Every structure is written in C-alpha cells, then in structure tokens.
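> This is target14.txt (compact mmCIF, N, CA and C atoms).
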```txt
# COMPACT_ATOMS: atom_id res chain seq x y z
N MET K 43 0.84 -1.18 0.00
CA MET K 43 0.00 0.00 0.00
C MET K 43 0.88 1.24 0.00
N SER K 44 0.59 2.17 -0.85
CA SER K 44 1.38 3.39 -0.98
C SER K 44 0.91 4.41 0.05
N GLU K 45 1.86 5.03 0.70
CA GLU K 45 1.52 6.05 1.70
C GLU K 45 1.86 7.42 1.14
N THR K 46 0.97 8.37 1.38
CA THR K 46 1.18 9.73 0.93
C THR K 46 1.67 10.55 2.10
N ARG K 47 2.84 11.12 1.97
CA ARG K 47 3.40 11.97 3.02
C ARG K 47 3.09 13.41 2.68
N GLN K 48 2.70 14.17 3.68
CA GLN K 48 2.38 15.55 3.45
C GLN K 48 3.16 16.44 4.38
N VAL K 49 3.50 17.61 3.87
CA VAL K 49 4.25 18.61 4.63
C VAL K 49 3.40 19.87 4.66
N PRO K 50 3.29 20.56 5.80
CA PRO K 50 2.47 21.77 5.83
C PRO K 50 2.99 22.84 4.88
N GLU K 51 2.07 23.56 4.24
CA GLU K 51 2.43 24.66 3.34
C GLU K 51 2.91 25.86 4.15
N PRO K 52 3.81 26.67 3.61
CA PRO K 52 4.16 27.93 4.26
C PRO K 52 2.93 28.83 4.35
N ALA K 53 2.97 29.82 5.22
CA ALA K 53 1.83 30.68 5.50
C ALA K 53 1.25 31.35 4.25
N GLY K 54 2.07 31.77 3.30
CA GLY K 54 1.61 32.50 2.12
C GLY K 54 1.01 31.62 1.04
N GLU K 55 1.11 30.33 1.15
CA GLU K 55 0.67 29.43 0.09
C GLU K 55 -0.76 28.96 0.36
N ALA K 56 -1.31 28.19 -0.53
CA ALA K 56 -2.67 27.68 -0.38
C ALA K 56 -2.79 26.90 0.92
N ALA K 57 -3.40 27.52 1.91
CA ALA K 57 -3.50 26.93 3.23
C ALA K 57 -4.52 25.80 3.27
N ALA K 58 -5.37 25.70 2.29
CA ALA K 58 -6.41 24.68 2.29
C ALA K 58 -5.84 23.27 2.14
N GLU K 59 -4.77 23.12 1.36
CA GLU K 59 -4.20 21.80 1.13
C GLU K 59 -2.77 21.73 1.61
N PRO K 60 -2.41 20.65 2.34
CA PRO K 60 -1.01 20.50 2.73
C PRO K 60 -0.16 20.15 1.50
N ARG K 61 1.11 20.46 1.58
CA ARG K 61 2.02 20.21 0.47
C ARG K 61 2.35 18.72 0.39
N ARG K 62 2.14 18.11 -0.78
CA ARG K 62 2.41 16.70 -0.98
C ARG K 62 3.88 16.50 -1.35
N LYS K 63 4.56 15.59 -0.65
CA LYS K 63 5.96 15.32 -0.95
C LYS K 63 6.09 14.63 -2.30
N LEU K 64 7.13 15.00 -3.04
CA LEU K 64 7.39 14.39 -4.34
C LEU K 64 8.51 13.37 -4.27
N VAL K 65 9.17 13.29 -3.13
CA VAL K 65 10.34 12.41 -3.02
C VAL K 65 10.00 11.17 -2.19
N THR K 66 8.98 10.48 -2.62
CA THR K 66 8.65 9.20 -2.01
C THR K 66 8.96 8.11 -3.02
N GLY K 67 9.35 6.95 -2.55
CA GLY K 67 9.63 5.82 -3.43
C GLY K 67 10.68 6.16 -4.47
N PRO K 68 10.38 5.90 -5.76
CA PRO K 68 11.33 6.17 -6.84
C PRO K 68 11.71 7.64 -6.95
N GLY K 69 10.88 8.52 -6.45
CA GLY K 69 11.19 9.95 -6.48
C GLY K 69 12.45 10.27 -5.70
N THR K 70 12.72 9.48 -4.67
CA THR K 70 13.94 9.68 -3.87
C THR K 70 15.18 9.43 -4.75
N LEU K 71 15.15 8.38 -5.53
CA LEU K 71 16.27 8.09 -6.44
C LEU K 71 16.41 9.20 -7.48
N LEU K 72 15.29 9.69 -7.96
CA LEU K 72 15.32 10.78 -8.94
C LEU K 72 16.02 12.01 -8.36
N VAL K 73 15.70 12.34 -7.10
CA VAL K 73 16.34 13.49 -6.45
C VAL K 73 17.84 13.25 -6.29
N TRP K 74 18.23 12.07 -5.90
CA TRP K 74 19.65 11.76 -5.73
C TRP K 74 20.40 11.88 -7.06
N VAL K 75 19.83 11.35 -8.12
CA VAL K 75 20.51 11.43 -9.43
C VAL K 75 20.60 12.88 -9.89
N TYR K 76 19.51 13.64 -9.74
CA TYR K 76 19.58 15.06 -10.08
C TYR K 76 20.62 15.77 -9.23
N GLY K 77 20.71 15.42 -7.95
CA GLY K 77 21.72 16.01 -7.08
C GLY K 77 23.13 15.73 -7.55
N VAL K 78 23.37 14.51 -7.98
CA VAL K 78 24.70 14.15 -8.51
C VAL K 78 24.98 14.94 -9.79
N MET K 79 23.95 15.10 -10.63
CA MET K 79 24.14 15.86 -11.86
C MET K 79 24.41 17.33 -11.56
N VAL K 80 23.79 17.86 -10.50
CA VAL K 80 24.08 19.25 -10.10
C VAL K 80 25.55 19.38 -9.77
N VAL K 81 26.05 18.49 -8.94
CA VAL K 81 27.46 18.54 -8.53
C VAL K 81 28.37 18.41 -9.75
N GLY K 82 28.08 17.47 -10.62
CA GLY K 82 28.90 17.26 -11.81
C GLY K 82 28.89 18.46 -12.75
N ALA K 83 27.70 18.97 -13.04
CA ALA K 83 27.59 20.09 -13.98
C ALA K 83 28.15 21.38 -13.40
N VAL K 84 27.90 21.63 -12.12
CA VAL K 84 28.43 22.85 -11.49
C VAL K 84 29.95 22.81 -11.45
N SER K 85 30.51 21.69 -10.99
CA SER K 85 31.97 21.62 -10.88
C SER K 85 32.63 21.69 -12.25
N ARG K 86 32.05 21.00 -13.23
CA ARG K 86 32.62 21.02 -14.57
C ARG K 86 32.58 22.43 -15.16
N SER K 87 31.40 23.05 -15.13
CA SER K 87 31.27 24.37 -15.76
C SER K 87 32.05 25.44 -15.00
N ALA K 88 32.06 25.38 -13.69
CA ALA K 88 32.81 26.38 -12.91
C ALA K 88 34.30 26.30 -13.22
N TYR K 89 34.83 25.09 -13.26
CA TYR K 89 36.25 24.92 -13.58
C TYR K 89 36.55 25.40 -15.00
N GLN K 90 35.73 24.98 -15.96
CA GLN K 90 36.00 25.33 -17.35
C GLN K 90 35.82 26.83 -17.61
N ILE K 91 34.82 27.44 -16.99
CA ILE K 91 34.62 28.88 -17.17
C ILE K 91 35.76 29.65 -16.52
N ALA K 92 36.23 29.19 -15.38
CA ALA K 92 37.30 29.89 -14.66
C ALA K 92 38.67 29.73 -15.32
N THR K 93 38.91 28.61 -15.98
CA THR K 93 40.26 28.34 -16.48
C THR K 93 40.42 28.43 -17.99
N GLU K 94 39.38 28.14 -18.76
CA GLU K 94 39.57 28.10 -20.22
C GLU K 94 38.34 28.57 -20.99
N PHE K 95 37.65 29.56 -20.47
CA PHE K 95 36.42 30.04 -21.08
C PHE K 95 36.60 30.45 -22.54
N ASP K 96 37.72 31.08 -22.87
CA ASP K 96 37.94 31.55 -24.24
C ASP K 96 38.08 30.41 -25.24
N ARG K 97 38.34 29.21 -24.79
CA ARG K 97 38.49 28.05 -25.67
C ARG K 97 37.16 27.59 -26.25
N ALA K 98 36.09 27.55 -25.43
CA ALA K 98 34.78 27.08 -25.89
C ALA K 98 33.67 27.73 -25.06
N PRO K 99 33.47 29.03 -25.23
CA PRO K 99 32.49 29.73 -24.38
C PRO K 99 31.07 29.19 -24.49
N LEU K 100 30.64 28.80 -25.68
CA LEU K 100 29.30 28.28 -25.85
C LEU K 100 29.12 26.97 -25.07
N ALA K 101 30.06 26.07 -25.21
CA ALA K 101 29.98 24.78 -24.52
C ALA K 101 29.96 24.96 -23.01
N TYR K 102 30.82 25.80 -22.51
CA TYR K 102 30.92 25.98 -21.05
C TYR K 102 29.70 26.71 -20.49
N THR K 103 29.16 27.64 -21.27
CA THR K 103 27.96 28.34 -20.83
C THR K 103 26.77 27.38 -20.82
N LEU K 104 26.67 26.52 -21.82
CA LEU K 104 25.59 25.54 -21.85
C LEU K 104 25.69 24.55 -20.68
N SER K 105 26.91 24.19 -20.30
CA SER K 105 27.09 23.33 -19.12
C SER K 105 26.62 24.04 -17.86
N ALA K 106 26.87 25.34 -17.77
CA ALA K 106 26.40 26.11 -16.61
C ALA K 106 24.87 26.19 -16.60
N VAL K 107 24.27 26.35 -17.78
CA VAL K 107 22.81 26.37 -17.87
C VAL K 107 22.25 25.01 -17.42
N ALA K 108 22.88 23.93 -17.84
CA ALA K 108 22.44 22.60 -17.41
C ALA K 108 22.51 22.49 -15.89
N ALA K 109 23.56 23.03 -15.29
CA ALA K 109 23.70 22.98 -13.83
C ALA K 109 22.56 23.71 -13.14
N VAL K 110 22.19 24.86 -13.67
CA VAL K 110 21.09 25.64 -13.08
C VAL K 110 19.77 24.88 -13.22
N VAL K 111 19.55 24.28 -14.37
CA VAL K 111 18.33 23.50 -14.60
C VAL K 111 18.26 22.33 -13.61
N TYR K 112 19.37 21.59 -13.48
CA TYR K 112 19.40 20.46 -12.55
C TYR K 112 19.15 20.92 -11.12
N ALA K 113 19.74 22.04 -10.73
CA ALA K 113 19.57 22.55 -9.37
C ALA K 113 18.11 22.93 -9.12
N PHE K 114 17.49 23.59 -10.09
CA PHE K 114 16.09 23.99 -9.92
C PHE K 114 15.18 22.78 -9.79
N ILE K 115 15.38 21.80 -10.64
CA ILE K 115 14.54 20.59 -10.58
C ILE K 115 14.74 19.89 -9.24
N THR K 116 15.98 19.78 -8.79
CA THR K 116 16.26 19.15 -7.50
C THR K 116 15.52 19.90 -6.39
N TYR K 117 15.62 21.21 -6.39
CA TYR K 117 14.95 22.04 -5.38
C TYR K 117 13.44 21.81 -5.39
N THR K 118 12.82 21.84 -6.57
CA THR K 118 11.37 21.71 -6.63
C THR K 118 10.91 20.33 -6.20
N LEU K 119 11.69 19.30 -6.54
CA LEU K 119 11.33 17.95 -6.10
C LEU K 119 11.38 17.82 -4.59
N VAL K 120 12.41 18.39 -3.98
CA VAL K 120 12.55 18.34 -2.53
C VAL K 120 11.48 19.19 -1.87
N ARG K 121 11.16 20.34 -2.43
CA ARG K 121 10.18 21.26 -1.84
C ARG K 121 8.81 20.62 -1.77
N GLY K 122 8.38 19.97 -2.86
CA GLY K 122 7.08 19.34 -2.88
C GLY K 122 5.94 20.33 -3.08
N GLY K 123 4.75 19.81 -3.17
CA GLY K 123 3.57 20.62 -3.40
C GLY K 123 3.20 20.64 -4.87
N GLU K 124 1.96 21.04 -5.12
CA GLU K 124 1.46 21.03 -6.49
C GLU K 124 2.16 22.05 -7.38
N ARG K 125 2.40 23.24 -6.89
CA ARG K 125 3.10 24.25 -7.71
C ARG K 125 4.52 23.80 -8.03
N ALA K 126 5.20 23.20 -7.06
CA ALA K 126 6.56 22.70 -7.30
C ALA K 126 6.54 21.55 -8.30
N ARG K 127 5.51 20.69 -8.23
CA ARG K 127 5.40 19.57 -9.17
C ARG K 127 5.23 20.10 -10.59
N VAL K 128 4.36 21.09 -10.77
CA VAL K 128 4.14 21.67 -12.10
C VAL K 128 5.41 22.36 -12.60
N ALA K 129 6.07 23.11 -11.72
CA ALA K 129 7.32 23.79 -12.11
C ALA K 129 8.39 22.77 -12.51
N ALA K 130 8.51 21.69 -11.74
CA ALA K 130 9.49 20.64 -12.08
C ALA K 130 9.13 19.96 -13.39
N LEU K 131 7.86 19.72 -13.61
CA LEU K 131 7.41 19.09 -14.86
C LEU K 131 7.76 19.96 -16.06
N ILE K 132 7.48 21.25 -15.96
CA ILE K 132 7.81 22.19 -17.05
C ILE K 132 9.33 22.23 -17.26
N CYS K 133 10.07 22.29 -16.17
CA CYS K 133 11.53 22.36 -16.27
C CYS K 133 12.11 21.08 -16.87
N CYS K 134 11.54 19.93 -16.54
CA CYS K 134 12.00 18.66 -17.13
C CYS K 134 11.75 18.67 -18.65
N ALA K 135 10.61 19.22 -19.07
CA ALA K 135 10.32 19.31 -20.50
C ALA K 135 11.30 20.24 -21.20
N VAL K 136 11.60 21.38 -20.55
CA VAL K 136 12.59 22.31 -21.11
C VAL K 136 13.97 21.65 -21.15
N GLU K 137 14.30 20.92 -20.09
CA GLU K 137 15.58 20.21 -20.06
C GLU K 137 15.67 19.20 -21.20
N LEU K 138 14.62 18.43 -21.41
CA LEU K 138 14.61 17.44 -22.48
C LEU K 138 14.77 18.12 -23.84
N ALA K 139 14.07 19.22 -24.04
CA ALA K 139 14.21 19.97 -25.30
C ALA K 139 15.64 20.46 -25.47
N GLY K 140 16.25 20.95 -24.39
CA GLY K 140 17.64 21.40 -24.45
C GLY K 140 18.60 20.29 -24.78
N VAL K 141 18.41 19.14 -24.16
CA VAL K 141 19.29 17.99 -24.43
C VAL K 141 19.16 17.56 -25.88
N VAL K 142 17.93 17.50 -26.39
CA VAL K 142 17.72 17.09 -27.78
C VAL K 142 18.30 18.12 -28.74
N LEU K 143 18.04 19.39 -28.51
CA LEU K 143 18.57 20.44 -29.41
C LEU K 143 20.09 20.49 -29.40
N VAL K 144 20.68 20.48 -28.20
CA VAL K 144 22.14 20.52 -28.10
C VAL K 144 22.73 19.22 -28.66
N GLY K 145 22.07 18.10 -28.40
CA GLY K 145 22.54 16.82 -28.93
C GLY K 145 22.59 16.82 -30.45
N ILE K 146 21.52 17.30 -31.06
CA ILE K 146 21.47 17.38 -32.53
C ILE K 146 22.50 18.38 -33.03
N TRP K 147 22.60 19.53 -32.38
CA TRP K 147 23.53 20.58 -32.79
C TRP K 147 24.97 20.07 -32.73
N THR K 148 25.33 19.35 -31.66
CA THR K 148 26.72 18.86 -31.55
C THR K 148 27.03 17.79 -32.59
N LEU K 149 26.03 17.06 -33.03
CA LEU K 149 26.26 16.07 -34.09
C LEU K 149 26.27 16.71 -35.47
N ALA K 150 25.39 17.71 -35.67
CA ALA K 150 25.28 18.35 -36.99
C ALA K 150 26.42 19.33 -37.27
N ASP K 151 26.91 20.02 -36.23
CA ASP K 151 27.96 21.02 -36.41
C ASP K 151 29.00 20.91 -35.29
N PRO K 152 29.82 19.85 -35.33
CA PRO K 152 30.80 19.66 -34.27
C PRO K 152 31.79 20.81 -34.13
N SER K 153 32.00 21.58 -35.19
CA SER K 153 32.96 22.69 -35.12
C SER K 153 32.47 23.80 -34.19
N ALA K 154 31.17 23.85 -33.92
CA ALA K 154 30.63 24.87 -33.01
C ALA K 154 30.98 24.57 -31.56
N PHE K 155 31.44 23.34 -31.31
CA PHE K 155 31.75 22.92 -29.95
C PHE K 155 33.16 22.34 -29.88
N PRO K 156 34.17 23.20 -29.67
CA PRO K 156 35.54 22.70 -29.55
C PRO K 156 35.71 21.78 -28.33
N ASP K 157 34.81 21.90 -27.37
CA ASP K 157 34.81 21.02 -26.20
C ASP K 157 33.35 20.63 -25.96
N SER K 158 33.13 19.53 -25.28
CA SER K 158 31.77 19.06 -25.09
C SER K 158 31.07 19.77 -23.94
N THR K 159 29.74 19.68 -23.96
CA THR K 159 28.91 20.18 -22.87
C THR K 159 28.32 18.97 -22.15
N VAL K 160 27.61 19.23 -21.08
CA VAL K 160 26.93 18.15 -20.38
C VAL K 160 25.92 17.48 -21.31
N TRP K 161 25.30 18.26 -22.20
CA TRP K 161 24.27 17.74 -23.08
C TRP K 161 24.78 17.35 -24.46
N SER K 162 26.10 17.44 -24.72
CA SER K 162 26.65 17.06 -26.02
C SER K 162 26.32 15.62 -26.36
N GLU K 163 25.97 15.43 -27.64
CA GLU K 163 25.67 14.09 -28.15
C GLU K 163 24.69 13.37 -27.22
N PHE K 164 23.69 14.12 -26.76
CA PHE K 164 22.63 13.61 -25.90
C PHE K 164 23.14 13.11 -24.55
N GLY K 165 24.24 13.68 -24.09
CA GLY K 165 24.79 13.31 -22.78
C GLY K 165 25.68 12.09 -22.81
N ARG K 166 26.28 11.84 -23.94
CA ARG K 166 27.13 10.65 -24.09
C ARG K 166 28.23 10.60 -23.04
N GLY K 167 28.84 11.75 -22.73
CA GLY K 167 29.91 11.78 -21.73
C GLY K 167 29.42 11.50 -20.32
N TYR K 168 28.12 11.52 -20.13
CA TYR K 168 27.51 11.24 -18.82
C TYR K 168 26.63 9.99 -18.90
N LEU K 169 27.01 9.05 -19.76
CA LEU K 169 26.31 7.77 -19.92
C LEU K 169 24.85 7.95 -20.34
N PHE K 170 24.56 8.99 -21.09
CA PHE K 170 23.23 9.33 -21.58
C PHE K 170 22.22 9.64 -20.47
N ILE K 171 22.71 9.84 -19.26
CA ILE K 171 21.83 10.21 -18.15
C ILE K 171 21.11 11.52 -18.44
N PRO K 172 21.76 12.53 -19.07
CA PRO K 172 21.04 13.77 -19.36
C PRO K 172 19.81 13.62 -20.25
N VAL K 173 19.73 12.61 -21.07
CA VAL K 173 18.54 12.41 -21.90
C VAL K 173 17.55 11.47 -21.21
N ILE K 174 18.02 10.57 -20.40
CA ILE K 174 17.14 9.63 -19.69
C ILE K 174 16.46 10.32 -18.50
N LEU K 175 17.19 11.18 -17.81
CA LEU K 175 16.71 11.80 -16.58
C LEU K 175 15.44 12.64 -16.77
N PRO K 176 15.37 13.54 -17.75
CA PRO K 176 14.12 14.31 -17.88
C PRO K 176 12.92 13.45 -18.28
N VAL K 177 13.16 12.42 -19.08
CA VAL K 177 12.06 11.51 -19.45
C VAL K 177 11.55 10.81 -18.19
N THR K 178 12.47 10.33 -17.37
CA THR K 178 12.09 9.68 -16.12
C THR K 178 11.36 10.67 -15.21
N GLY K 179 11.89 11.88 -15.13
CA GLY K 179 11.25 12.91 -14.30
C GLY K 179 9.84 13.22 -14.77
N ILE K 180 9.65 13.35 -16.06
CA ILE K 180 8.31 13.63 -16.61
C ILE K 180 7.36 12.49 -16.28
N LEU K 181 7.81 11.26 -16.46
CA LEU K 181 6.95 10.11 -16.14
C LEU K 181 6.59 10.09 -14.66
N TRP K 182 7.57 10.37 -13.79
CA TRP K 182 7.32 10.37 -12.35
C TRP K 182 6.36 11.50 -11.96
N LEU K 183 6.56 12.67 -12.51
CA LEU K 183 5.74 13.82 -12.14
C LEU K 183 4.34 13.77 -12.73
N ARG K 184 4.14 12.99 -13.77
CA ARG K 184 2.81 12.86 -14.39
C ARG K 184 2.03 11.68 -13.85
N ARG K 185 2.61 10.91 -12.95
CA ARG K 185 1.93 9.74 -12.42
C ARG K 185 0.64 10.16 -11.71
N PRO K 186 -0.33 9.27 -11.66
CA PRO K 186 -1.58 9.62 -10.96
C PRO K 186 -1.30 9.89 -9.48
N ARG K 187 -1.93 10.93 -8.97
CA ARG K 187 -1.78 11.28 -7.56
C ARG K 187 -3.01 10.87 -6.81
N ALA K 188 -2.81 10.39 -5.58
CA ALA K 188 -3.94 9.94 -4.76
C ALA K 188 -4.76 11.12 -4.29
```
Would you mind giving the structure from this file in structure tokens?

Amino acid sequence: MSETRQVPEPAGEAAAEPRRKLVTGPGTLLVWVYGVMVVGAVSRSAYQIATEFDRAPLAYTLSAVAAVVYAFITYTLVRGGERARVAALICCAVELAGVVLVGIWTLADPSAFPDSTVWSEFGRGYLFIPVILPVTGILWLRRPRA
C-alpha cells in the first residue's frame, strides 16, 4: 500500500491543502541522481569557465545552464507541493528539449563545440543520463496522484 506523506504549506501558500511530498519511493532516487548531476555540472562548468572560457564559451555556458536547470529541478522535487510539481514538470520538458537540441547541434555542427557540454551528443559523456533523466522525471511527475 502506498503512503502519501504531506508537509504543511508555508503561511503564504494555499493553506487549504497540505504540500504533498514528491520524493517518495522512486522519487527519492530521482532526487539523488539530479543532485549528482548538479554537482557534476556545477563543478565542470565552474572549472571550465574559470580556467579556459575563451576556448569554448558556448559549450561551457551551456554546461552552466544545465547545472542551473538540474539545481532547480532538484529544489522543486525536494520542496514538494502542487506548484513545485508543475514547475518541475515544465523544467523537465525544457531540459529534455535542451538535451535534444544541443545533442542534434553537436552532431550536426561539431565545429561549433571545440569542447563538449553536459548535453553534447545527448549526454554521451555522462552515460546518456542527461537524456534519460528528464524523461524519467516527466513520467514520475505525471503519475496519478492519490
């Protein structure tokens, strides 16, 4: 039997309904994987921007954007509630679109990317987790709610 955990909403939010946690069951694994991707993308982009930005500014900036997207999704999943679920769902869709567009772009015009991004070749350097993760997130966030 599945149990629904609820967290009280902050004072300014819809006080009628308690905030539903999104990190139950498989959602916990999703948060952990997003957390690992935050650490990977932040550390990679911070190092590359600080040390060799002039070499591949587009690639390094896109890696930083990926880090921000991963951090936002992680935050919304941990926060919980209906508004956070919708925000995470939209962000996962945007993330998937970004991975697909950057993936196609890196294959179609490799000269535009002297170095790879987190989303290059659909996340090949990250074992394709960048393309699998938003699909998994969308499926998890669209699941029927009790």
> Taking only C-alpha atoms into account, name the residue in K:Leu149, K:Ala83, K:Val75, K:Val141 that is nearest to Val110 in chain K.
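Comparing K:Leu149, K:Ala83, K:Val75, K:Val141 against Val110 in chain K, the winner is K:Ala83.
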> What is the distance between atom N of Val84 in chain K and atom C of Ile146 in chain K, in Å to one decimal?
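Pair atom N of Val84 in chain K / atom C of Ile146 in chain K returns 21.8 Å.
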> Using atom N of Thr118 in chain K and atom C of Gly82 in chain K as the two end points, give the distance in Å to one decimal.
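Interatomic distance here is 17.5 Å.
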> Counting only C-alpha atoms, which of K:Ser105, K:Thr93, K:Thr116, K:Thr148 gets nearest to Ala130 in chain K?
K:Thr116
> Could you jot down the atom N of Ala139 in chain K to atom C of Asp157 in chain K separation for me, Å, one decimal place?
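It comes out at 19.4 Å.
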> Between K:Tyr102, K:Phe95, K:Gly69, K:Glu137, single out the one closest to Ile171 in chain K, counting only C-alpha atoms.
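Using only C-alpha atoms, the shortest distance to Ile171 in chain K belongs to K:Glu137.
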> Between K:Val144, K:Val80, K:Val65, K:Ala101, which one has atoms that come closest to Leu119 in chain K, using all atoms listed in the file?
K:Val65
> Using only C-alpha atoms, which residues sit within 12 Å of range 106-108 of chain K once same-chain residues fewer than 4 positions away are excluded, as a tab-separated table (two decimals) with N, CA and C atoms, in the frame of the given file?

```tsv
chain	number	residue	atom	x	y	z
K	76	TYR	N	19.51	13.64	-9.74
K	76	TYR	CA	19.58	15.06	-10.08
K	76	TYR	C	20.62	15.77	-9.23
K	79	MET	N	23.95	15.10	-10.63
K	79	MET	CA	24.14	15.86	-11.86
K	79	MET	C	24.41	17.33	-11.56
K	80	VAL	N	23.79	17.86	-10.50
K	80	VAL	CA	24.08	19.25	-10.10
K	80	VAL	C	25.55	19.38	-9.77
K	81	VAL	N	26.05	18.49	-8.94
K	81	VAL	CA	27.46	18.54	-8.53
K	81	VAL	C	28.37	18.41	-9.75
K	82	GLY	N	28.08	17.47	-10.62
K	82	GLY	CA	28.90	17.26	-11.81
K	82	GLY	C	28.89	18.46	-12.75
K	83	ALA	N	27.70	18.97	-13.04
K	83	ALA	CA	27.59	20.09	-13.98
K	83	ALA	C	28.15	21.38	-13.40
K	84	VAL	N	27.90	21.63	-12.12
K	84	VAL	CA	28.43	22.85	-11.49
K	84	VAL	C	29.95	22.81	-11.45
K	85	SER	N	30.51	21.69	-10.99
K	85	SER	CA	31.97	21.62	-10.88
K	85	SER	C	32.63	21.69	-12.25
K	86	ARG	N	32.05	21.00	-13.23
K	86	ARG	CA	32.62	21.02	-14.57
K	86	ARG	C	32.58	22.43	-15.16
K	87	SER	N	31.40	23.05	-15.13
K	87	SER	CA	31.27	24.37	-15.76
K	87	SER	C	32.05	25.44	-15.00
K	88	ALA	N	32.06	25.38	-13.69
K	88	ALA	CA	32.81	26.38	-12.91
K	88	ALA	C	34.30	26.30	-13.22
K	89	TYR	N	34.83	25.09	-13.26
K	89	TYR	CA	36.25	24.92	-13.58
K	89	TYR	C	36.55	25.40	-15.00
K	90	GLN	N	35.73	24.98	-15.96
K	90	GLN	CA	36.00	25.33	-17.35
K	90	GLN	C	35.82	26.83	-17.61
K	91	ILE	N	34.82	27.44	-16.99
K	91	ILE	CA	34.62	28.88	-17.17
K	91	ILE	C	35.76	29.65	-16.52
K	92	ALA	N	36.23	29.19	-15.38
K	92	ALA	CA	37.30	29.89	-14.66
K	92	ALA	C	38.67	29.73	-15.32
K	95	PHE	N	37.65	29.56	-20.47
K	95	PHE	CA	36.42	30.04	-21.08
K	95	PHE	C	36.60	30.45	-22.54
K	99	PRO	N	33.47	29.03	-25.23
K	99	PRO	CA	32.49	29.73	-24.38
K	99	PRO	C	31.07	29.19	-24.49
K	100	LEU	N	30.64	28.80	-25.68
K	100	LEU	CA	29.30	28.28	-25.85
K	100	LEU	C	29.12	26.97	-25.07
K	101	ALA	N	30.06	26.07	-25.21
K	101	ALA	CA	29.98	24.78	-24.52
K	101	ALA	C	29.96	24.96	-23.01
K	102	TYR	N	30.82	25.80	-22.51
K	102	TYR	CA	30.92	25.98	-21.05
K	102	TYR	C	29.70	26.71	-20.49
K	112	TYR	N	19.37	21.59	-13.48
K	112	TYR	CA	19.40	20.46	-12.55
K	112	TYR	C	19.15	20.92	-11.12
K	113	ALA	N	19.74	22.04	-10.73
K	113	ALA	CA	19.57	22.55	-9.37
K	113	ALA	C	18.11	22.93	-9.12
K	114	PHE	N	17.49	23.59	-10.09
K	114	PHE	CA	16.09	23.99	-9.92
K	114	PHE	C	15.18	22.78	-9.79
K	115	ILE	N	15.38	21.80	-10.64
K	115	ILE	CA	14.54	20.59	-10.58
K	115	ILE	C	14.74	19.89	-9.24
K	133	CYS	N	10.07	22.29	-16.17
K	133	CYS	CA	11.53	22.36	-16.27
K	133	CYS	C	12.11	21.08	-16.87
K	134	CYS	N	11.54	19.93	-16.54
K	134	CYS	CA	12.00	18.66	-17.13
K	134	CYS	C	11.75	18.67	-18.65
K	136	VAL	N	11.60	21.38	-20.55
K	136	VAL	CA	12.59	22.31	-21.11
K	136	VAL	C	13.97	21.65	-21.15
K	137	GLU	N	14.30	20.92	-20.09
K	137	GLU	CA	15.58	20.21	-20.06
K	137	GLU	C	15.67	19.20	-21.20
K	138	LEU	N	14.62	18.43	-21.41
K	138	LEU	CA	14.61	17.44	-22.48
K	138	LEU	C	14.77	18.12	-23.84
K	139	ALA	N	14.07	19.22	-24.04
K	139	ALA	CA	14.21	19.97	-25.30
K	139	ALA	C	15.64	20.46	-25.47
K	140	GLY	N	16.25	20.95	-24.39
K	140	GLY	CA	17.64	21.40	-24.45
K	140	GLY	C	18.60	20.29	-24.78
K	141	VAL	N	18.41	19.14	-24.16
K	141	VAL	CA	19.29	17.99	-24.43
K	141	VAL	C	19.16	17.56	-25.88
K	144	VAL	N	20.68	20.48	-28.20
K	144	VAL	CA	22.14	20.52	-28.10
K	144	VAL	C	22.73	19.22	-28.66
K	159	THR	N	29.74	19.68	-23.96
K	159	THR	CA	28.91	20.18	-22.87
K	159	THR	C	28.32	18.97	-22.15
K	160	VAL	N	27.61	19.23	-21.08
K	160	VAL	CA	26.93	18.15	-20.38
K	160	VAL	C	25.92	17.48	-21.31
K	161	TRP	N	25.30	18.26	-22.20
K	161	TRP	CA	24.27	17.74	-23.08
K	161	TRP	C	24.78	17.35	-24.46
K	162	SER	N	26.10	17.44	-24.72
K	162	SER	CA	26.65	17.06	-26.02
K	162	SER	C	26.32	15.62	-26.36
K	165	GLY	N	24.24	13.68	-24.09
K	165	GLY	CA	24.79	13.31	-22.78
K	165	GLY	C	25.68	12.09	-22.81
K	172	PRO	N	21.76	12.53	-19.07
K	172	PRO	CA	21.04	13.77	-19.36
K	172	PRO	C	19.81	13.62	-20.25
K	173	VAL	N	19.73	12.61	-21.07
K	173	VAL	CA	18.54	12.41	-21.90
K	173	VAL	C	17.55	11.47	-21.21
K	176	PRO	N	15.37	13.54	-17.75
K	176	PRO	CA	14.12	14.31	-17.88
K	176	PRO	C	12.92	13.45	-18.28
```
> Tell me, which residues of chain K carry DSSP strand (DSSP E), written as a ChimeraX atom specification?
/K:48-49,61-62
> Under the rule that only C-alpha atoms are counted, which of K:Leu175, K:Leu169, K:Trp182, K:Gly145 is the nearest residue to Val111 in chain K?
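Ranked by minimum distance to Val111 in chain K, first place goes to K:Leu175.
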> Under the rule that all atoms listed in the file are counted, which of K:Thr66, K:Leu183, K:Val78, K:Tyr117 is the nearest residue to Leu131 in chain K?
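Checking each candidate against Leu131 in chain K, we get K:Leu183 as the closest.
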> Using DSSP on the backbone coordinates, identify all residues within chain K classified as helix (DSSP H, G or I); present the result as a PyMOL selection string.
chain K and resi 68-97+99-121+124-150+152-154+162-164+166-168+171-183
> Compile the contact shell of Gly123 in chain K as a PDB file with N, CA and C atoms, in the frame of the given file: residues with an atom at most 5 Å away, counting all atoms listed in the file, same-chain residues fewer than 2 positions apart removed.

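Okay, this is what ended up in out_4.pdb:
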```pdb
ATOM      1  N   ARG K  61       1.110  20.460   1.580  1.00  0.00           N
ATOM      2  CA  ARG K  61       2.020  20.210   0.470  1.00  0.00           C
ATOM      3  C   ARG K  61       2.350  18.720   0.390  1.00  0.00           C
ATOM      4  N   ARG K  62       2.140  18.110  -0.780  1.00  0.00           N
ATOM      5  CA  ARG K  62       2.410  16.700  -0.980  1.00  0.00           C
ATOM      6  C   ARG K  62       3.880  16.500  -1.350  1.00  0.00           C
ATOM      7  N   LYS K  63       4.560  15.590  -0.650  1.00  0.00           N
ATOM      8  CA  LYS K  63       5.960  15.320  -0.950  1.00  0.00           C
ATOM      9  C   LYS K  63       6.090  14.630  -2.300  1.00  0.00           C
ATOM     10  N   ARG K 121      11.160  20.340  -2.430  1.00  0.00           N
ATOM     11  CA  ARG K 121      10.180  21.260  -1.840  1.00  0.00           C
ATOM     12  C   ARG K 121       8.810  20.620  -1.770  1.00  0.00           C
ATOM     13  N   ARG K 125       2.400  23.240  -6.890  1.00  0.00           N
ATOM     14  CA  ARG K 125       3.100  24.250  -7.710  1.00  0.00           C
ATOM     15  C   ARG K 125       4.520  23.800  -8.030  1.00  0.00           C
ATOM     16  N   ALA K 126       5.200  23.200  -7.060  1.00  0.00           N
ATOM     17  CA  ALA K 126       6.560  22.700  -7.300  1.00  0.00           C
ATOM     18  C   ALA K 126       6.540  21.550  -8.300  1.00  0.00           C
ATOM     19  N   ARG K 127       5.510  20.690  -8.230  1.00  0.00           N
ATOM     20  CA  ARG K 127       5.400  19.570  -9.170  1.00  0.00           C
ATOM     21  C   ARG K 127       5.230  20.100 -10.590  1.00  0.00           C
TER      22      ARG K 127
END
```
